[in-house]
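Q: Hey, dropping data22.txt in here, compact mmCIF, C-alpha atoms and all ligand atoms:
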# COMPACT_ATOMS: atom_id res chain seq x y z
CA MET J 1 111.11 139.43 138.14
CA VAL J 2 114.68 138.29 138.68
CA ILE J 3 116.21 135.73 136.36
CA ASP J 4 119.13 133.94 138.00
CA ILE J 5 122.01 132.45 136.10
CA GLU J 6 122.81 129.43 138.19
CA LEU J 7 125.95 127.73 139.35
CA THR J 8 125.33 123.99 139.24
CA LEU J 9 126.63 121.99 142.17
CA ASN J 10 124.62 118.78 141.85
CA ARG J 11 123.04 117.13 138.88
CA PHE J 12 120.76 114.09 138.74
CA GLY J 13 118.99 112.77 135.71
CA PHE J 14 117.31 109.94 133.92
CA GLY J 15 116.86 109.26 130.27
CA LYS J 16 115.27 107.11 127.64
CA ILE J 17 116.74 106.32 124.26
CA ALA J 18 114.22 106.49 121.47
CA GLU J 19 114.58 107.84 118.01
CA ASN J 20 113.98 111.57 117.67
CA LYS J 21 112.17 111.66 120.98
CA PHE J 22 112.81 113.08 124.36
CA GLN J 23 115.91 111.35 125.62
CA PHE J 24 117.22 112.77 128.82
CA LEU J 25 115.71 114.69 131.66
CA CYS J 26 118.26 116.16 134.00
CA PHE J 27 117.50 117.81 137.33
CA ARG J 28 119.86 120.20 138.96
CA PHE J 29 119.96 121.44 142.45
CA SER J 30 122.17 124.45 142.87
CA LYS J 31 123.45 126.35 145.85
CA TRP J 32 124.53 129.89 145.35
CA LYS J 33 127.46 131.47 146.98
CA ILE J 34 125.02 134.10 148.13
CA PRO J 35 123.71 133.00 151.53
CA GLY J 36 120.12 131.72 151.49
CA LYS J 37 119.92 131.40 147.71
CA TYR J 38 119.10 128.05 146.11
CA SER J 39 117.60 127.10 142.80
CA ILE J 40 116.16 123.99 141.16
CA SER J 41 116.13 123.72 137.41
CA PHE J 42 115.88 121.05 134.76
CA GLU J 43 116.97 120.61 131.23
CA ILE J 44 115.76 118.50 128.35
CA ASN J 45 118.30 117.22 125.84
CA TRP J 46 117.42 115.96 122.42
CA ARG J 47 119.53 113.78 120.27
CA VAL J 48 118.57 113.18 116.64
CA SER J 49 118.57 109.52 115.73
CA ASP J 50 121.15 108.47 113.16
CA MET J 51 119.32 105.27 112.23
CA TYR J 52 118.59 106.59 108.74
CA ASN J 53 122.33 107.03 108.10
CA GLN J 54 123.04 103.57 109.48
CA VAL J 55 120.43 102.15 107.11
CA LYS J 56 122.02 103.96 104.16
CA GLN J 57 125.38 102.40 105.02
CA PHE J 58 123.78 98.96 105.44
CA VAL J 59 122.10 99.21 102.02
CA GLU J 60 125.34 100.25 100.34
CA ASP J 61 127.37 97.49 102.06
CA SER J 62 124.73 94.89 101.15
CA PHE J 63 124.81 95.84 97.46
CA ASN J 64 128.62 95.91 97.45
CA ALA J 65 128.62 92.32 98.68
CA GLY J 66 125.94 91.09 96.24
CA VAL J 67 125.83 90.27 92.53
CA ASN J 68 123.35 92.96 91.53
CA GLU J 69 124.31 96.41 90.40
CA LYS J 70 124.12 99.18 92.99
CA SER J 71 121.31 101.68 92.41
CA MET J 72 122.08 104.28 95.05
CA LYS J 73 120.81 107.04 92.79
CA HIS J 74 117.43 105.27 92.57
CA PHE J 75 117.26 105.02 96.37
CA GLU J 76 118.30 108.64 96.87
CA GLN J 77 115.71 109.84 94.37
CA THR J 78 113.01 107.69 95.97
CA VAL J 79 113.72 109.58 99.21
CA SER J 80 113.81 112.88 97.37
CA TRP J 81 110.37 112.23 95.75
CA LEU J 82 109.01 111.06 99.10
CA LYS J 83 109.99 114.43 100.61
CA ARG J 84 108.27 116.18 97.74
CA LEU J 85 105.06 114.15 98.12
CA LYS J 86 105.12 114.23 101.92
CA PRO J 87 107.34 117.01 103.29
CA ASP J 88 106.80 115.84 106.90
CA ALA J 89 107.81 112.23 106.19
CA ASP J 90 109.38 110.85 109.37
CA GLU J 91 112.38 108.58 109.87
CA PRO J 92 110.59 105.22 109.36
CA MET J 93 109.27 106.48 106.01
CA LEU J 94 112.73 107.69 104.94
CA ILE J 95 114.19 104.32 105.95
CA ALA J 96 111.53 102.42 103.99
CA ALA J 97 112.07 104.64 100.94
CA TYR J 98 115.84 104.18 100.94
CA SER J 99 115.83 100.44 101.65
CA HIS J 100 112.70 99.33 99.76
CA ASP J 101 114.72 97.28 97.24
CA ILE J 102 117.19 95.78 99.75
CA ALA J 103 116.11 92.24 98.77
CA ARG J 104 117.77 92.76 95.40
CA ALA J 105 121.17 92.94 97.14
CA TYR J 106 120.58 89.43 98.52
CA ARG J 107 119.22 87.89 95.32
CA PRO J 108 121.62 85.15 94.22
CA ILE J 109 121.16 85.82 90.49
CA ASP J 110 121.47 89.13 88.68
CA SER J 111 118.45 90.94 87.29
CA LYS J 112 119.56 90.52 83.66
CA THR J 113 119.30 86.75 83.98
CA LEU J 114 116.25 86.66 86.27
CA PHE J 115 114.04 88.67 83.94
CA GLN J 116 115.04 86.95 80.73
CA ASN J 117 112.14 84.54 81.13
CA LYS J 118 109.90 86.50 83.46
CA GLU J 119 107.90 89.69 83.40
CA PHE J 120 109.11 92.44 85.74
CA ASN J 121 105.80 92.36 87.56
CA ASP J 122 105.67 88.57 87.81
CA PRO J 123 103.48 88.05 90.93
CA GLU J 124 105.80 85.47 92.53
CA VAL J 125 108.91 87.61 92.00
CA LEU J 126 107.15 90.68 93.42
CA LYS J 127 105.86 88.78 96.44
CA ASP J 128 109.31 87.36 97.29
CA HIS J 129 111.02 90.70 96.64
CA GLN J 130 108.71 92.56 99.03
CA GLU J 131 108.61 89.86 101.72
CA GLN J 132 112.37 89.29 101.77
CA GLY J 133 113.04 93.03 101.88
CA ALA J 134 110.63 93.47 104.81
CA GLN J 135 112.32 90.65 106.74
CA ILE J 136 115.87 91.82 106.05
CA MET J 137 115.12 95.35 107.26
CA ALA J 138 113.13 94.17 110.30
CA LYS J 139 116.09 92.02 111.37
CA PHE J 140 118.58 94.85 110.83
CA LEU J 141 116.46 97.32 112.83
CA GLN J 142 115.74 94.82 115.62
CA ASP J 143 119.47 94.16 115.99
CA LYS J 144 119.93 97.91 116.40
CA ASP J 145 117.18 98.08 119.06
CA TYR J 146 115.09 100.42 116.96
CA ASN J 147 111.65 101.31 118.24
CA LYS J 148 109.22 98.36 117.75
CA GLU J 149 106.35 100.45 116.38
CA SER J 150 108.64 102.03 113.79
CA ILE J 151 110.00 98.62 112.76
CA LYS J 152 106.43 97.44 112.12
CA ARG J 153 105.79 100.45 109.90
CA VAL J 154 109.04 99.98 107.92
CA GLU J 155 108.24 96.29 107.45
CA ASN J 156 104.72 97.09 106.26
CA MET J 157 105.85 99.75 103.78
CA ILE J 158 108.51 97.49 102.25
CA ARG J 159 106.12 94.51 102.18
CA HIS J 160 103.69 96.56 100.04
CA HIS J 161 105.98 98.95 98.14
CA GLU J 162 105.24 97.37 94.74
CA GLU J 163 101.49 97.18 95.02
CA GLY J 164 100.53 99.60 97.76
CA GLY J 165 97.43 99.05 99.87
CA ASP J 166 97.59 101.61 102.67
CA THR J 167 98.42 105.30 102.89
CA GLU J 168 102.11 104.96 103.77
CA SER J 169 102.84 102.07 101.40
CA ASP J 170 101.09 103.98 98.58
CA ILE J 171 103.38 106.99 99.10
CA ILE J 172 106.50 104.77 99.03
CA MET J 173 105.18 103.05 95.88
CA ASP J 174 104.53 106.41 94.17
CA SER J 175 108.00 107.71 95.16
CA ASP J 176 109.56 104.49 93.82
CA SER J 177 107.68 104.88 90.51
CA LEU J 178 108.80 108.49 90.13
CA SER J 179 112.41 107.54 90.82
CA TYR J 180 112.17 104.57 88.45
CA LEU J 181 110.86 106.73 85.60
CA GLU J 182 113.50 109.37 86.31
CA ILE J 183 116.52 107.07 86.79
CA ASN J 184 116.09 103.34 86.10
CA ALA J 185 113.89 103.40 83.00
CA LYS J 186 116.77 104.69 80.84
CA LYS J 187 118.97 101.87 82.10
CA HIS J 188 116.24 99.38 81.17
CA ILE J 189 115.98 100.88 77.68
CA GLY J 190 119.72 100.21 77.37
CA LEU J 191 118.97 96.53 78.01
CA VAL J 192 116.26 96.09 75.37
CA ASP J 193 118.59 93.71 73.51
CA VAL J 194 118.54 91.41 76.53
CA TRP J 195 114.88 91.63 77.57
CA GLY J 196 113.06 92.75 74.42
CA LYS J 197 111.28 96.02 73.70
CA GLY J 198 107.84 94.76 74.73
CA LYS J 199 108.94 93.69 78.19
CA VAL J 200 110.75 96.96 78.89
CA GLU J 201 107.76 98.95 77.64
CA ARG J 202 105.37 96.96 79.83
CA LYS J 203 107.59 97.64 82.85
CA ILE J 204 107.71 101.39 82.12
CA ASP J 205 103.93 101.55 81.67
CA TRP J 206 103.26 99.44 84.75
CA MET J 207 105.45 101.69 86.90
CA PHE J 208 103.48 104.71 85.65
CA ASP J 209 100.01 103.13 85.79
CA ARG J 210 100.34 101.91 89.39
CA ILE J 211 100.86 105.45 90.75
CA SER J 212 98.06 106.07 93.24
CA SER J 213 97.90 109.83 93.78
CA SER J 214 97.00 112.44 91.19
CA LYS J 215 99.84 114.69 92.40
CA ALA J 216 102.46 111.95 91.85
CA LYS J 217 100.93 111.08 88.48
CA GLU J 218 101.16 114.67 87.35
CA LEU J 219 104.82 114.81 88.42
CA ALA J 220 105.56 111.51 86.68
CA GLN J 221 103.86 112.37 83.38
CA PRO J 222 106.82 114.19 81.74
CA TYR J 223 109.28 111.45 82.75
CA HIS J 224 106.94 108.78 81.40
CA GLU J 225 106.57 110.59 78.08
CA GLU J 226 110.31 111.19 77.84
CA VAL J 227 111.27 107.54 78.34
CA LYS J 228 108.53 106.31 75.99
CA ASP J 229 109.84 108.69 73.30
CA LEU J 230 113.36 107.44 73.91
CA LEU J 231 112.25 103.83 73.60
CA TYR J 232 110.45 104.46 70.30
CA LYS J 233 113.27 106.56 68.83
CA GLN J 234 115.90 103.97 69.62
CA PHE J 235 113.95 100.84 68.70
FE FE I 1 111.01 97.03 94.49
FE FE I 2 112.66 100.59 93.52
Step by step, read the file and then write its structure as C-alpha cells.

A:
Amino acid sequence: MVIDIELTLNRFGFGKIAENKFQFLCFRFSKWKIPGKYSISFEINWRVSDMYNQVKQFVEDSFNAGVNEKSMKHFEQTVSWLKRLKPDADEPMLIAAYSHDIARAYRPIDSKTLFQNKEFNDPEVLKDHQEQGAQIMAKFLQDKDYNKESIKRVENMIRHHEEGGDTESDIIMDSDSLSYLEINAKKHIGLVDVWGKGKVERKIDWMFDRISSSKAKELAQPYHEEVKDLLYKQF
C-alpha cells in the first residue's frame, strides 16, 4: 500500500456550527506534479464550544451589577461536585450548575433583608428564584444562538434545581447542596445575629435532607456534621 502525502490545489467545504459537534467538512481535490496522479481527501475539524466560559463571564458581570454578594466560589464548587457525581457531565449541565442561582443577581433586594421575615425554603421565594433563573439563562443562550435542545435542558435544570424532579435536575440539586454545605453554610452561620439560629439551622438541614442520591449524601455527611458543630459551638 502506498500512502501519499498530498499537495492541495483546490479545497471546497461546508460546515455547521453547533456546540462540541462536528463543525466543518472540507473536501480537497489535489493534482500531483507527477503526471496522472490525483487524490481526493477530506478533513473534519472540531471546535470546542466556549459557551460555558461565556456563561461564567455573564454570571460574574450580572452579580457585579446587582446588589447581592457574589458567590463565585459556590458556583465553582457546584460545578466541581457535579463533575465528581457525574464525570461525563456535558456542557448544558456545566452551564446549569454554574448559573443555577443567576436570579439572585437580578433580585432587587439583598438576601439579608429578604430572609429576615421569610424561611430560606419559602415556597414562593423558591418558585420565583427557579423560574426567573430559568428565563434569564434561556434568554442569554437564545441571544447567543445556542442549540435549542440544550437551552431546554438548561432551563429545566435551573427551574428545578431547588427541588429536583428528574435525573438531571436532581444531580444539579445535589451538587448545589454539597457546595452549599462546603462553602455557604459557614457564611450563613456568620449571619445568625441577623436571621436567628433556628432559621440558619433549618436551612442547613434542609440543604442536607433534600439530597437525592446516596453517593452525594455520603459525600455531604462530613460537611453537614462540621457546620452543625460550628453552629452549636458558636451559639
Ligand atoms: Fe438556588
Ligand atoms: Fe446555589

Q: Which residues form the shell of 9 Å around ligand FE 1 (chain I) when you count all atoms listed in the file, given as a PyMOL selection string?

A: chain J and resi 100-104+126+129-130+133+158+161-162+173+176

Q: Considering all atoms listed in the file, can you say which of J:Gln116, J:Thr167, J:Ser177, J:Asn53 comes closest to ligand FE 2 (chain I)?

A: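 Residue with the minimum atom-to-atom distance to ligand FE 2 (chain I): J:Ser177.
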
Q: Record the distance separating CA of Ile171 (chain J) and CA of Leu82 (chain J), expressed in Å with one decimal.

A: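 Taking CA of Ile171 (chain J) as the start and CA of Leu82 (chain J) as the end point, the length is 6.9 Å.
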
Q: Using all atoms listed in the file, which residue out of J:Leu94, J:Met72, J:Ala138, J:Val227 lies closest to ligand FE 2 (chain I)?

A: J:Met72

Q: Which distance in Å separates CA of Glu91 (chain J) and CA of Ala105 (chain J), to one decimal?

A: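 These two atoms are separated by 22.0 Å.
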
Q: Show which residues sit within 12 Å of Asp166 (chain J), as number ranges by chain. Count all atoms listed in the file, and ignore same-chain residues fewer than 6 positions away.

A: J: 153, 156-160, 172-174, 212

Q: As an exercise, work out the distance from CA of Gln132 (chain J) to CA of Ser99 (chain J) in Å and give it to one decimal place.

A: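 For CA of Gln132 (chain J) relative to CA of Ser99 (chain J), the distance reads 11.7 Å.
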
Q: Do a neighbour search on Ser150 (chain J) at 10 Å with all atoms listed in the file, toss out local chain neighbours closer than 3 positions, and write the hits as a short mmCIF file (atom, residue, chain, number, x, y, z; two decimals) with C-alpha atoms, in the coordinates of the input.

A:
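Result file follows (around.cif):
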data_model
loop_
_atom_site.label_atom_id
_atom_site.label_comp_id
_atom_site.auth_asym_id
_atom_site.auth_seq_id
_atom_site.Cartn_x
_atom_site.Cartn_y
_atom_site.Cartn_z
CA GLU J 19 114.58 107.84 118.01
CA ASP J 90 109.38 110.85 109.37
CA GLU J 91 112.38 108.58 109.87
CA PRO J 92 110.59 105.22 109.36
CA MET J 93 109.27 106.48 106.01
CA ILE J 95 114.19 104.32 105.95
CA ALA J 138 113.13 94.17 110.30
CA LEU J 141 116.46 97.32 112.83
CA TYR J 146 115.09 100.42 116.96
CA ASN J 147 111.65 101.31 118.24
CA ARG J 153 105.79 100.45 109.90
CA VAL J 154 109.04 99.98 107.92
CA GLU J 155 108.24 96.29 107.45
CA ASN J 156 104.72 97.09 106.26
#

Q: Counting all atoms listed in the file, which residue out of J:Ala97, J:Leu178, J:Val194, J:Ala65 sits closest to Ala220 (chain J)?

A: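 Counting all atoms listed in the file, the residue closest to Ala220 (chain J) is J:Leu178.
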
Q: Would you mind telling me which residue in J:Trp195, J:Tyr232, J:Trp81, J:Tyr98 lies nearest to ligand FE 2 (chain I) when using only C-alpha atoms and all ligand atoms?

A: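 Nearest to ligand FE 2 (chain I): J:Tyr98.
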
Q: From the list J:Lys215, J:Lys139, J:Lys56, J:Lys73, which residue is nearest ligand FE 2 (chain I) when using all atoms listed in the file?

A: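 Distance minimum relative to ligand FE 2 (chain I) lands on J:Lys73.
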
Q: With only C-alpha atoms as the counted atoms, please give the residues lying no more than 7 Å from region 180-188 of chain J, apart from itself and same-chain residues fewer than 5 positions off, as number ranges by chain.

A: J: 74, 200, 204, 223-224, 227

Q: Please produce a file of those selected residues containing C-alpha atoms, as a compact mmCIF listing (two decimals), keeping the file's coordinate frame.

A:
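So result_35.txt came out as:
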# COMPACT_ATOMS: atom_id res chain seq x y z
CA HIS J 74 117.43 105.27 92.57
CA VAL J 200 110.75 96.96 78.89
CA ILE J 204 107.71 101.39 82.12
CA TYR J 223 109.28 111.45 82.75
CA HIS J 224 106.94 108.78 81.40
CA VAL J 227 111.27 107.54 78.34

Q: Pick out the closest residue to ligand FE 2 (chain I) from this set: J:Phe75, J:Tyr52, J:Phe115, J:Tyr106. Count all atoms listed in the file.

A: J:Phe75

Q: Adding 3 Å on each side of the box along x, y and z that holds all listed atoms of region 196-214 of chain J, could you give its centre and edge lengths in Å to one decimal, as JSON?

A:
{"center_x": 105.0, "center_y": 102.6, "center_z": 83.7, "size_x": 22.1, "size_y": 25.7, "size_z": 26.1}

Q: At a cut-off of 10 Å, using all atoms listed in the file, what residues contact Asn68 (chain J)? Leave out same-chain residues fewer than 5 positions from it and give the result as a compact mmCIF listing (two decimals) with C-alpha atoms, in the coordinates of the input.

A:
# COMPACT_ATOMS: atom_id res chain seq x y z
CA SER J 62 124.73 94.89 101.15
CA PHE J 63 124.81 95.84 97.46
CA ARG J 104 117.77 92.76 95.40
CA ALA J 105 121.17 92.94 97.14
CA TYR J 106 120.58 89.43 98.52
CA ARG J 107 119.22 87.89 95.32
CA PRO J 108 121.62 85.15 94.22
CA ILE J 109 121.16 85.82 90.49
CA ASP J 110 121.47 89.13 88.68
CA SER J 111 118.45 90.94 87.29
CA LYS J 112 119.56 90.52 83.66

Q: For region 142-166 of chain J, supply N, CA and C atoms and report the output as an mmCIF file, keeping the file's coordinate frame.

A:
data_model
loop_
_atom_site.group_PDB
_atom_site.id
_atom_site.type_symbol
_atom_site.label_atom_id
_atom_site.label_comp_id
_atom_site.auth_asym_id
_atom_site.auth_seq_id
_atom_site.Cartn_x
_atom_site.Cartn_y
_atom_site.Cartn_z
ATOM 1 N N GLN J 142 115.854 95.471 114.307
ATOM 2 C CA GLN J 142 115.740 94.820 115.620
ATOM 3 C C GLN J 142 117.121 94.683 116.255
ATOM 4 N N ASP J 143 118.097 94.292 115.462
ATOM 5 C CA ASP J 143 119.470 94.160 115.990
ATOM 6 C C ASP J 143 120.006 95.481 116.508
ATOM 7 N N LYS J 144 119.472 96.576 115.968
ATOM 8 C CA LYS J 144 119.930 97.910 116.400
ATOM 9 C C LYS J 144 119.037 98.473 117.507
ATOM 10 N N ASP J 145 118.097 97.641 117.989
ATOM 11 C CA ASP J 145 117.180 98.080 119.060
ATOM 12 C C ASP J 145 116.327 99.277 118.668
ATOM 13 N N TYR J 146 115.954 99.317 117.417
ATOM 14 C CA TYR J 146 115.090 100.420 116.960
ATOM 15 C C TYR J 146 113.697 100.206 117.548
ATOM 16 N N ASN J 147 112.994 101.316 117.687
ATOM 17 C CA ASN J 147 111.650 101.310 118.240
ATOM 18 C C ASN J 147 110.706 100.315 117.518
ATOM 19 N N LYS J 148 110.030 99.466 118.316
ATOM 20 C CA LYS J 148 109.220 98.360 117.750
ATOM 21 C C LYS J 148 108.122 98.850 116.792
ATOM 22 N N GLU J 149 107.448 99.917 117.194
ATOM 23 C CA GLU J 149 106.350 100.450 116.380
ATOM 24 C C GLU J 149 106.881 100.917 115.017
ATOM 25 N N SER J 150 108.050 101.557 115.047
ATOM 26 C CA SER J 150 108.640 102.030 113.790
ATOM 27 C C SER J 150 109.083 100.861 112.916
ATOM 28 N N ILE J 151 109.595 99.806 113.539
ATOM 29 C CA ILE J 151 110.000 98.620 112.760
ATOM 30 C C ILE J 151 108.781 98.042 112.025
ATOM 31 N N LYS J 152 107.659 97.976 112.738
ATOM 32 C CA LYS J 152 106.430 97.440 112.120
ATOM 33 C C LYS J 152 106.047 98.260 110.892
ATOM 34 N N ARG J 153 106.164 99.580 111.032
ATOM 35 C CA ARG J 153 105.790 100.450 109.900
ATOM 36 C C ARG J 153 106.752 100.248 108.718
ATOM 37 N N VAL J 154 108.064 100.181 109.010
ATOM 38 C CA VAL J 154 109.040 99.980 107.920
ATOM 39 C C VAL J 154 108.751 98.655 107.214
ATOM 40 N N GLU J 155 108.547 97.613 108.012
ATOM 41 C CA GLU J 155 108.240 96.290 107.450
ATOM 42 C C GLU J 155 107.019 96.363 106.531
ATOM 43 N N ASN J 156 105.965 97.001 107.029
ATOM 44 C CA ASN J 156 104.720 97.090 106.260
ATOM 45 C C ASN J 156 104.924 97.856 104.937
ATOM 46 N N MET J 157 105.646 98.952 105.007
ATOM 47 C CA MET J 157 105.850 99.750 103.780
ATOM 48 C C MET J 157 106.661 98.977 102.746
ATOM 49 N N ILE J 158 107.698 98.248 103.208
ATOM 50 C CA ILE J 158 108.510 97.490 102.250
ATOM 51 C C ILE J 158 107.714 96.296 101.714
ATOM 52 N N ARG J 159 106.925 95.683 102.585
ATOM 53 C CA ARG J 159 106.120 94.510 102.180
ATOM 54 C C ARG J 159 105.083 94.879 101.111
ATOM 55 N N HIS J 160 104.730 96.158 101.007
ATOM 56 C CA HIS J 160 103.690 96.560 100.040
ATOM 57 C C HIS J 160 104.178 97.643 99.067
ATOM 58 N N HIS J 161 105.519 97.802 98.952
ATOM 59 C CA HIS J 161 105.980 98.950 98.140
ATOM 60 C C HIS J 161 105.731 98.787 96.649
ATOM 61 N N GLU J 162 105.484 97.557 96.184
ATOM 62 C CA GLU J 162 105.240 97.370 94.740
ATOM 63 C C GLU J 162 103.763 97.506 94.376
ATOM 64 N N GLU J 163 102.910 97.189 95.343
ATOM 65 C CA GLU J 163 101.490 97.180 95.020
ATOM 66 C C GLU J 163 100.636 98.109 95.873
ATOM 67 N N GLY J 164 101.248 98.674 96.881
ATOM 68 C CA GLY J 164 100.530 99.600 97.760
ATOM 69 C C GLY J 164 99.478 98.895 98.591
ATOM 70 N N GLY J 165 98.501 99.657 99.092
ATOM 71 C CA GLY J 165 97.430 99.050 99.870
ATOM 72 C C GLY J 165 97.050 99.854 101.103
ATOM 73 N N ASP J 166 97.927 100.720 101.554
ATOM 74 C CA ASP J 166 97.590 101.610 102.670
ATOM 75 C C ASP J 166 98.306 102.935 102.417
#
